[in-house]
Amino acid sequence: MSKKNIYLTVKDHSVSGEEFQLIYNDQLEMLETCPQPSEAQLPKYYQSEDYISHTDAKRNWFEKVYHFIKTIALKRKLKLIDSFNSEDKRLLDIGCGTGDFLKVAKDNQWHVSGVEPNPNARTIANQKTNNSVFDIDQLLKFKKHSFDVITLWHVLEHLPKLENHIAVFESLLKPSGRLVIAVPNYKSHDANYYKSHWAAFDAPRHLWHFSQNAISKLVQQKGMDVIKTEPMTFDAYYVSLLSEKYKNGSMNPIKAFWVGWQSNIKAKRSGEFSSLIYIIKKS
């Protein structure tokens with residue numbers, strides 16, 4: 001980093017209650033969670049029944065709505081990767097959670113592989129995909145240039161060795177392949193509104209916080225380019241619900257919907273949606 005400035009102090013609202021600082025990297029135009037837990041410490045910050053991507057639970061209205069929206073999102077994700085017209089339809093999903101996206105892709109003639117570090121989520125995913133999901137330490141065992149599409153749905157922000165991992169994804173991608181990265185956008189209206197209570201900061205599980213320029217610079221360093229961005233409009237509402245809970249003690253659906261709606265409306269002009277999908281190819 002060429003310069004360090006404290007952008008914001010945030011709290012781990014879901015597990016530890018600890019405070020962390022977000023440090024601004026002016027060279028890459030992104031934020032870094034500080035201090036970052038070691039790789040050995042990281043798993044304890046995921047030990048919560050409320051960590052929804054590691055479970056298929058539908059215990060309350062929020063989880064039921066989440067899974068309903070997820071079914072819509074899965075169809076959109078499938079439509080996106082189908083639009084690439086991949087010859088062999090070989091897909092690698094990094095941080096695949098409980099494997100729902102892999103299952104949808106597999107049911108639609110994709111040859112799927114997944115990587116998931118959480119053992120409980122990995123077990124569930126393997127039940128859905130006929131044992132196509134592996135621990136993250138297996139990533140380097142895949143052959144180079146073997147995947148038509150590599151996807152990371154809200155995963156890049158969790159990876160400790162950020163630039164090393166991006167280099168690995170580039171090496172695993174076929175020359176004509178596509179890398180698809182979806183991440184929160186700390187320059188969105190809902191992020192600016194909720195500030196330290198913005199749920200998508202999610203420190204320390206989220207180690208990095210990206211702007212659009214940051215993603216472009218990071219992939220360019222590894223010989224790739226962003227060719228298109230697409231919004232994830234549902235995220236503004238989901239994140240606002242959690243942010244209301246962290247800020248005021250309850251989800252307050254009406255207020256959260258209003259903030260999420262405002263965020264999407266403003267983003268139609270600015271392009272700064274709550275979360276963005278980056279479609280990337282080799283230079």
# chains A, B, ... in the order shown; residues from 1 in each chain; ligands from 1

call {"tool": "closest_atom_pairs", "arguments": {"of": "segment 9-119 of chain A", "to": "segment 148-162 of chain A", "cutoff": "8 Å", "atoms": "only C-alpha atoms", "output": "CSV"}}
result
residue,atom,partner,partner_atom,distance
A:Glu39,CA,A:Pro160,CA,7.3
A:Ile81,CA,A:Val149,CA,7.3
A:Ser86,CA,A:Asp148,CA,6.0
A:Glu87,CA,A:Asp148,CA,7.7
A:Asp88,CA,A:Asp148,CA,7.0
A:Lys89,CA,A:Asp148,CA,6.1
A:Arg90,CA,A:Asp148,CA,5.2
A:Leu91,CA,A:Val149,CA,5.0
A:Leu92,CA,A:Ile150,CA,4.7
A:Asp93,CA,A:Thr151,CA,4.8
A:Ile94,CA,A:Leu152,CA,5.2
A:Gly95,CA,A:Val155,CA,5.9
A:Cys96,CA,A:Trp153,CA,7.9

call {"tool": "residues_around", "arguments": {"residues": "segment 113-126 of chain A", "least_positions_apart": "4", "cutoff": "8 Å", "atoms": "only C-alpha atoms", "output": "PDB file with C-alpha atoms, in the first residue's frame"}}
result
ATOM      1  CA  HIS A  54     -23.737 -22.388   5.095  1.00  0.00           C
ATOM      2  CA  THR A  55     -27.184 -23.750   5.851  1.00  0.00           C
ATOM      3  CA  LEU A  91     -17.978 -24.743 -14.551  1.00  0.00           C
ATOM      4  CA  LEU A  92     -15.980 -24.156 -11.365  1.00  0.00           C
ATOM      5  CA  ASP A  93     -17.822 -22.400  -8.527  1.00  0.00           C
ATOM      6  CA  ILE A  94     -15.525 -21.063  -5.806  1.00  0.00           C
ATOM      7  CA  GLY A  95     -17.073 -20.865  -2.324  1.00  0.00           C
ATOM      8  CA  CYS A  96     -20.127 -22.769  -3.479  1.00  0.00           C
ATOM      9  CA  GLY A  97     -21.758 -22.962  -0.039  1.00  0.00           C
ATOM     10  CA  THR A  98     -24.452 -25.645   0.051  1.00  0.00           C
ATOM     11  CA  GLY A  99     -24.214 -26.201  -3.711  1.00  0.00           C
ATOM     12  CA  ASP A 100     -27.501 -24.815  -5.008  1.00  0.00           C
ATOM     13  CA  LEU A 102     -23.922 -26.063  -8.916  1.00  0.00           C
ATOM     14  CA  ASN A 130     -22.746 -36.279  -6.670  1.00  0.00           C
ATOM     15  CA  ASN A 131     -19.536 -35.437  -4.786  1.00  0.00           C
ATOM     16  CA  SER A 132     -18.287 -32.664  -7.084  1.00  0.00           C
ATOM     17  CA  VAL A 133     -17.214 -30.283  -4.295  1.00  0.00           C
ATOM     18  CA  PHE A 134     -13.760 -30.140  -2.695  1.00  0.00           C
ATOM     19  CA  ASP A 135     -11.907 -28.294   0.037  1.00  0.00           C
ATOM     20  CA  ILE A 136     -10.080 -25.154  -1.040  1.00  0.00           C
ATOM     21  CA  GLN A 138      -7.655 -28.926  -3.773  1.00  0.00           C
ATOM     22  CA  LEU A 139      -7.815 -25.824  -5.973  1.00  0.00           C
TER      23      LEU A 139
END

call {"tool": "residues_around", "arguments": {"residues": "Leu276 of chain A", "least_positions_apart": "4", "cutoff": "9 Å", "atoms": "only C-alpha atoms", "output": "list in words"}}
result
Ile181, Ala182, Val183, Pro184, Asn185, Gln212, Thr229, Glu230, Pro231, Met232, Thr233 and Glu272 of chain A

call {"tool": "write_last_selection", "arguments": {"atoms": "C-alpha atoms", "output": "PDB file, in the first residue's frame"}}
result
ATOM      1  CA  ILE A 181     -17.100 -12.169  -9.704  1.00  0.00           C
ATOM      2  CA  ALA A 182     -19.955 -10.776  -7.589  1.00  0.00           C
ATOM      3  CA  VAL A 183     -19.017  -8.559  -4.633  1.00  0.00           C
ATOM      4  CA  PRO A 184     -20.561  -5.817  -2.474  1.00  0.00           C
ATOM      5  CA  ASN A 185     -19.883  -2.217  -3.493  1.00  0.00           C
ATOM      6  CA  GLN A 212     -15.377  -0.880  -9.483  1.00  0.00           C
ATOM      7  CA  THR A 229     -20.841  -5.242 -15.093  1.00  0.00           C
ATOM      8  CA  GLU A 230     -24.375  -6.171 -14.046  1.00  0.00           C
ATOM      9  CA  PRO A 231     -26.327  -5.148 -10.914  1.00  0.00           C
ATOM     10  CA  MET A 232     -27.613  -7.437  -8.167  1.00  0.00           C
ATOM     11  CA  THR A 233     -30.678  -5.375  -7.267  1.00  0.00           C
ATOM     12  CA  GLU A 272     -22.999   2.179  -7.940  1.00  0.00           C
TER      13      GLU A 272
END

call {"tool": "residues_around", "arguments": {"residues": "segment 45-47 of chain A", "least_positions_apart": "6", "cutoff": "10 Å", "atoms": "only C-alpha atoms", "output": "short mmCIF file (atom, residue, chain, number, x, y, z; two decimals) with C-alpha atoms, in the first residue's frame"}}
result
data_model
loop_
_atom_site.label_atom_id
_atom_site.label_comp_id
_atom_site.auth_asym_id
_atom_site.auth_seq_id
_atom_site.Cartn_x
_atom_site.Cartn_y
_atom_site.Cartn_z
CA ASP A 12 -18.52 -7.78 13.97
CA SER A 14 -22.92 -11.49 14.07
CA VAL A 15 -20.27 -13.48 15.98
CA SER A 16 -17.57 -11.87 18.12
CA PRO A 37 -7.47 -12.77 11.43
CA HIS A 54 -23.74 -22.39 5.10
CA ASN A 118 -16.71 -25.09 5.33
CA ALA A 203 -15.83 -7.73 9.17
CA PRO A 204 -13.75 -9.76 9.70
CA ARG A 205 -15.26 -12.37 7.35
#

call {"tool": "select_by_dssp", "arguments": {"residues": "segment 6-215 of chain A", "states": "strand (DSSP E)", "output": "PDB file with C-alpha atoms, in the first residue's frame"}}
result
ATOM      1  CA  ILE A   6      -8.677   4.824   8.364  1.00  0.00           C
ATOM      2  CA  TYR A   7     -11.895   4.904   6.342  1.00  0.00           C
ATOM      3  CA  LEU A   8     -14.237   3.602   9.052  1.00  0.00           C
ATOM      4  CA  THR A   9     -14.345   1.605  12.285  1.00  0.00           C
ATOM      5  CA  VAL A  10     -16.814  -1.279  12.137  1.00  0.00           C
ATOM      6  CA  LYS A  11     -18.035  -4.052  14.434  1.00  0.00           C
ATOM      7  CA  GLU A  19     -14.153  -3.908  16.356  1.00  0.00           C
ATOM      8  CA  PHE A  20     -12.088  -3.621  13.186  1.00  0.00           C
ATOM      9  CA  GLN A  21     -10.784  -0.749  11.109  1.00  0.00           C
ATOM     10  CA  LEU A  22     -11.267  -0.415   7.377  1.00  0.00           C
ATOM     11  CA  ILE A  23      -8.057   0.948   5.857  1.00  0.00           C
ATOM     12  CA  TYR A  24      -8.246   2.774   2.531  1.00  0.00           C
ATOM     13  CA  ASN A  25      -5.820   1.631  -0.163  1.00  0.00           C
ATOM     14  CA  MET A  30     -10.382  -0.483  -2.015  1.00  0.00           C
ATOM     15  CA  LEU A  31     -10.656  -1.061   1.724  1.00  0.00           C
ATOM     16  CA  GLU A  32      -8.820  -3.632   3.825  1.00  0.00           C
ATOM     17  CA  THR A  33     -10.128  -5.024   7.126  1.00  0.00           C
ATOM     18  CA  CYS A  34      -7.555  -4.519   9.861  1.00  0.00           C
ATOM     19  CA  ARG A  90     -17.187 -26.799 -17.665  1.00  0.00           C
ATOM     20  CA  LEU A  91     -17.978 -24.743 -14.551  1.00  0.00           C
ATOM     21  CA  LEU A  92     -15.980 -24.156 -11.365  1.00  0.00           C
ATOM     22  CA  ASP A  93     -17.822 -22.400  -8.527  1.00  0.00           C
ATOM     23  CA  ILE A  94     -15.525 -21.063  -5.806  1.00  0.00           C
ATOM     24  CA  HIS A 111     -20.086 -30.259 -15.977  1.00  0.00           C
ATOM     25  CA  VAL A 112     -19.641 -28.861 -12.486  1.00  0.00           C
ATOM     26  CA  SER A 113     -16.916 -28.674  -9.858  1.00  0.00           C
ATOM     27  CA  GLY A 114     -16.995 -26.674  -6.654  1.00  0.00           C
ATOM     28  CA  VAL A 115     -14.707 -25.503  -3.869  1.00  0.00           C
ATOM     29  CA  VAL A 133     -17.214 -30.283  -4.295  1.00  0.00           C
ATOM     30  CA  PHE A 134     -13.760 -30.140  -2.695  1.00  0.00           C
ATOM     31  CA  PHE A 147     -12.771 -24.325 -17.163  1.00  0.00           C
ATOM     32  CA  ASP A 148     -15.068 -22.381 -19.466  1.00  0.00           C
ATOM     33  CA  VAL A 149     -16.550 -20.427 -16.561  1.00  0.00           C
ATOM     34  CA  ILE A 150     -15.297 -19.763 -13.027  1.00  0.00           C
ATOM     35  CA  THR A 151     -17.735 -18.071 -10.651  1.00  0.00           C
ATOM     36  CA  LEU A 152     -17.360 -16.409  -7.266  1.00  0.00           C
ATOM     37  CA  TRP A 153     -20.711 -15.286  -5.860  1.00  0.00           C
ATOM     38  CA  LEU A 173      -9.576 -20.419 -17.095  1.00  0.00           C
ATOM     39  CA  LYS A 174      -9.575 -21.421 -20.753  1.00  0.00           C
ATOM     40  CA  PRO A 175      -8.263 -18.739 -23.160  1.00  0.00           C
ATOM     41  CA  SER A 176     -11.849 -17.965 -24.225  1.00  0.00           C
ATOM     42  CA  GLY A 177     -13.332 -18.495 -20.764  1.00  0.00           C
ATOM     43  CA  ARG A 178     -15.118 -16.098 -18.426  1.00  0.00           C
ATOM     44  CA  LEU A 179     -14.448 -15.260 -14.799  1.00  0.00           C
ATOM     45  CA  VAL A 180     -17.582 -14.032 -12.988  1.00  0.00           C
ATOM     46  CA  ILE A 181     -17.100 -12.169  -9.704  1.00  0.00           C
ATOM     47  CA  ALA A 182     -19.955 -10.776  -7.589  1.00  0.00           C
ATOM     48  CA  VAL A 183     -19.017  -8.559  -4.633  1.00  0.00           C
ATOM     49  CA  PRO A 184     -20.561  -5.817  -2.474  1.00  0.00           C
ATOM     50  CA  TRP A 208     -11.533  -6.701   1.384  1.00  0.00           C
ATOM     51  CA  HIS A 209     -14.096  -4.159   0.198  1.00  0.00           C
ATOM     52  CA  PHE A 210     -14.112  -3.310  -3.492  1.00  0.00           C
TER      53      PHE A 210
END

call {"tool": "select_by_dssp", "arguments": {"residues": "segment 15-240 of chain A", "states": "alpha helix (DSSP H)", "output": "ChimeraX atom specification"}}
result
/A:61-82,100-106,119-129,162-172,189-194,212-220,234-240

call {"tool": "closest_residue", "arguments": {"among": "A:Lys44, A:Ala105, A:Met224, A:Asp190", "to": "Phe257 of chain A", "atoms": "only C-alpha atoms"}}
result
A:Asp190

call {"tool": "atom_distance", "arguments": {"atom1": "atom CA of Gln109 of chain A", "atom2": "atom CA of Asp82 of chain A"}}
result
10.2 Å

call {"tool": "closest_residue", "arguments": {"among": "A:Ser48, A:Thr71, A:Ser38, A:Asn213", "to": "His13 of chain A", "atoms": "only C-alpha atoms"}}
result
A:Ser48

call {"tool": "atom_distance", "arguments": {"atom1": "atom CA of His206 of chain A", "atom2": "atom CA of Ala236 of chain A"}}
result
17.2 Å

call {"tool": "decode", "arguments": {"residues": "segment 190-235 of chain A", "atoms": "C-alpha atoms", "output": "PDB file, in the first residue's frame"}}
result
ATOM      1  CA  ASP A 190     -26.982   1.894   1.135  1.00  0.00           C
ATOM      2  CA  ALA A 191     -23.329   1.663   2.195  1.00  0.00           C
ATOM      3  CA  ASN A 192     -23.118   5.441   2.508  1.00  0.00           C
ATOM      4  CA  TYR A 193     -26.424   5.549   4.388  1.00  0.00           C
ATOM      5  CA  TYR A 194     -25.674   2.853   6.993  1.00  0.00           C
ATOM      6  CA  LYS A 195     -21.931   3.556   7.247  1.00  0.00           C
ATOM      7  CA  SER A 196     -20.436   1.457  10.097  1.00  0.00           C
ATOM      8  CA  HIS A 197     -23.697  -0.517  10.388  1.00  0.00           C
ATOM      9  CA  TRP A 198     -23.691  -1.546   6.717  1.00  0.00           C
ATOM     10  CA  ALA A 199     -24.101  -5.327   6.862  1.00  0.00           C
ATOM     11  CA  ALA A 200     -22.007  -5.966   3.739  1.00  0.00           C
ATOM     12  CA  PHE A 201     -18.849  -4.788   5.503  1.00  0.00           C
ATOM     13  CA  ASP A 202     -19.274  -7.992   7.557  1.00  0.00           C
ATOM     14  CA  ALA A 203     -15.827  -7.730   9.170  1.00  0.00           C
ATOM     15  CA  PRO A 204     -13.747  -9.758   9.698  1.00  0.00           C
ATOM     16  CA  ARG A 205     -15.258 -12.374   7.347  1.00  0.00           C
ATOM     17  CA  HIS A 206     -14.997  -9.787   4.570  1.00  0.00           C
ATOM     18  CA  LEU A 207     -11.290  -9.056   4.382  1.00  0.00           C
ATOM     19  CA  TRP A 208     -11.533  -6.701   1.384  1.00  0.00           C
ATOM     20  CA  HIS A 209     -14.096  -4.159   0.198  1.00  0.00           C
ATOM     21  CA  PHE A 210     -14.112  -3.310  -3.492  1.00  0.00           C
ATOM     22  CA  SER A 211     -14.903  -0.393  -5.751  1.00  0.00           C
ATOM     23  CA  GLN A 212     -15.377  -0.880  -9.483  1.00  0.00           C
ATOM     24  CA  ASN A 213     -11.915   0.544 -10.132  1.00  0.00           C
ATOM     25  CA  ALA A 214     -10.415  -1.866  -7.610  1.00  0.00           C
ATOM     26  CA  ILE A 215     -11.754  -4.937  -9.412  1.00  0.00           C
ATOM     27  CA  SER A 216     -10.555  -3.608 -12.763  1.00  0.00           C
ATOM     28  CA  LYS A 217      -7.053  -2.926 -11.441  1.00  0.00           C
ATOM     29  CA  LEU A 218      -6.755  -6.262  -9.634  1.00  0.00           C
ATOM     30  CA  VAL A 219      -7.684  -8.362 -12.674  1.00  0.00           C
ATOM     31  CA  GLN A 220      -5.601  -6.234 -15.050  1.00  0.00           C
ATOM     32  CA  GLN A 221      -2.561  -7.030 -12.921  1.00  0.00           C
ATOM     33  CA  LYS A 222      -3.178 -10.713 -13.754  1.00  0.00           C
ATOM     34  CA  GLY A 223      -3.737 -10.280 -17.487  1.00  0.00           C
ATOM     35  CA  MET A 224      -7.530  -9.970 -17.545  1.00  0.00           C
ATOM     36  CA  ASP A 225     -10.109  -7.267 -18.215  1.00  0.00           C
ATOM     37  CA  VAL A 226     -13.611  -6.473 -16.980  1.00  0.00           C
ATOM     38  CA  ILE A 227     -15.804  -6.528 -20.089  1.00  0.00           C
ATOM     39  CA  LYS A 228     -19.188  -5.951 -18.453  1.00  0.00           C
ATOM     40  CA  THR A 229     -20.841  -5.242 -15.093  1.00  0.00           C
ATOM     41  CA  GLU A 230     -24.375  -6.171 -14.046  1.00  0.00           C
ATOM     42  CA  PRO A 231     -26.327  -5.148 -10.914  1.00  0.00           C
ATOM     43  CA  MET A 232     -27.613  -7.437  -8.167  1.00  0.00           C
ATOM     44  CA  THR A 233     -30.678  -5.375  -7.267  1.00  0.00           C
ATOM     45  CA  PHE A 234     -32.027  -7.750  -4.597  1.00  0.00           C
ATOM     46  CA  ASP A 235     -28.889  -7.219  -2.523  1.00  0.00           C
TER      47      ASP A 235
END
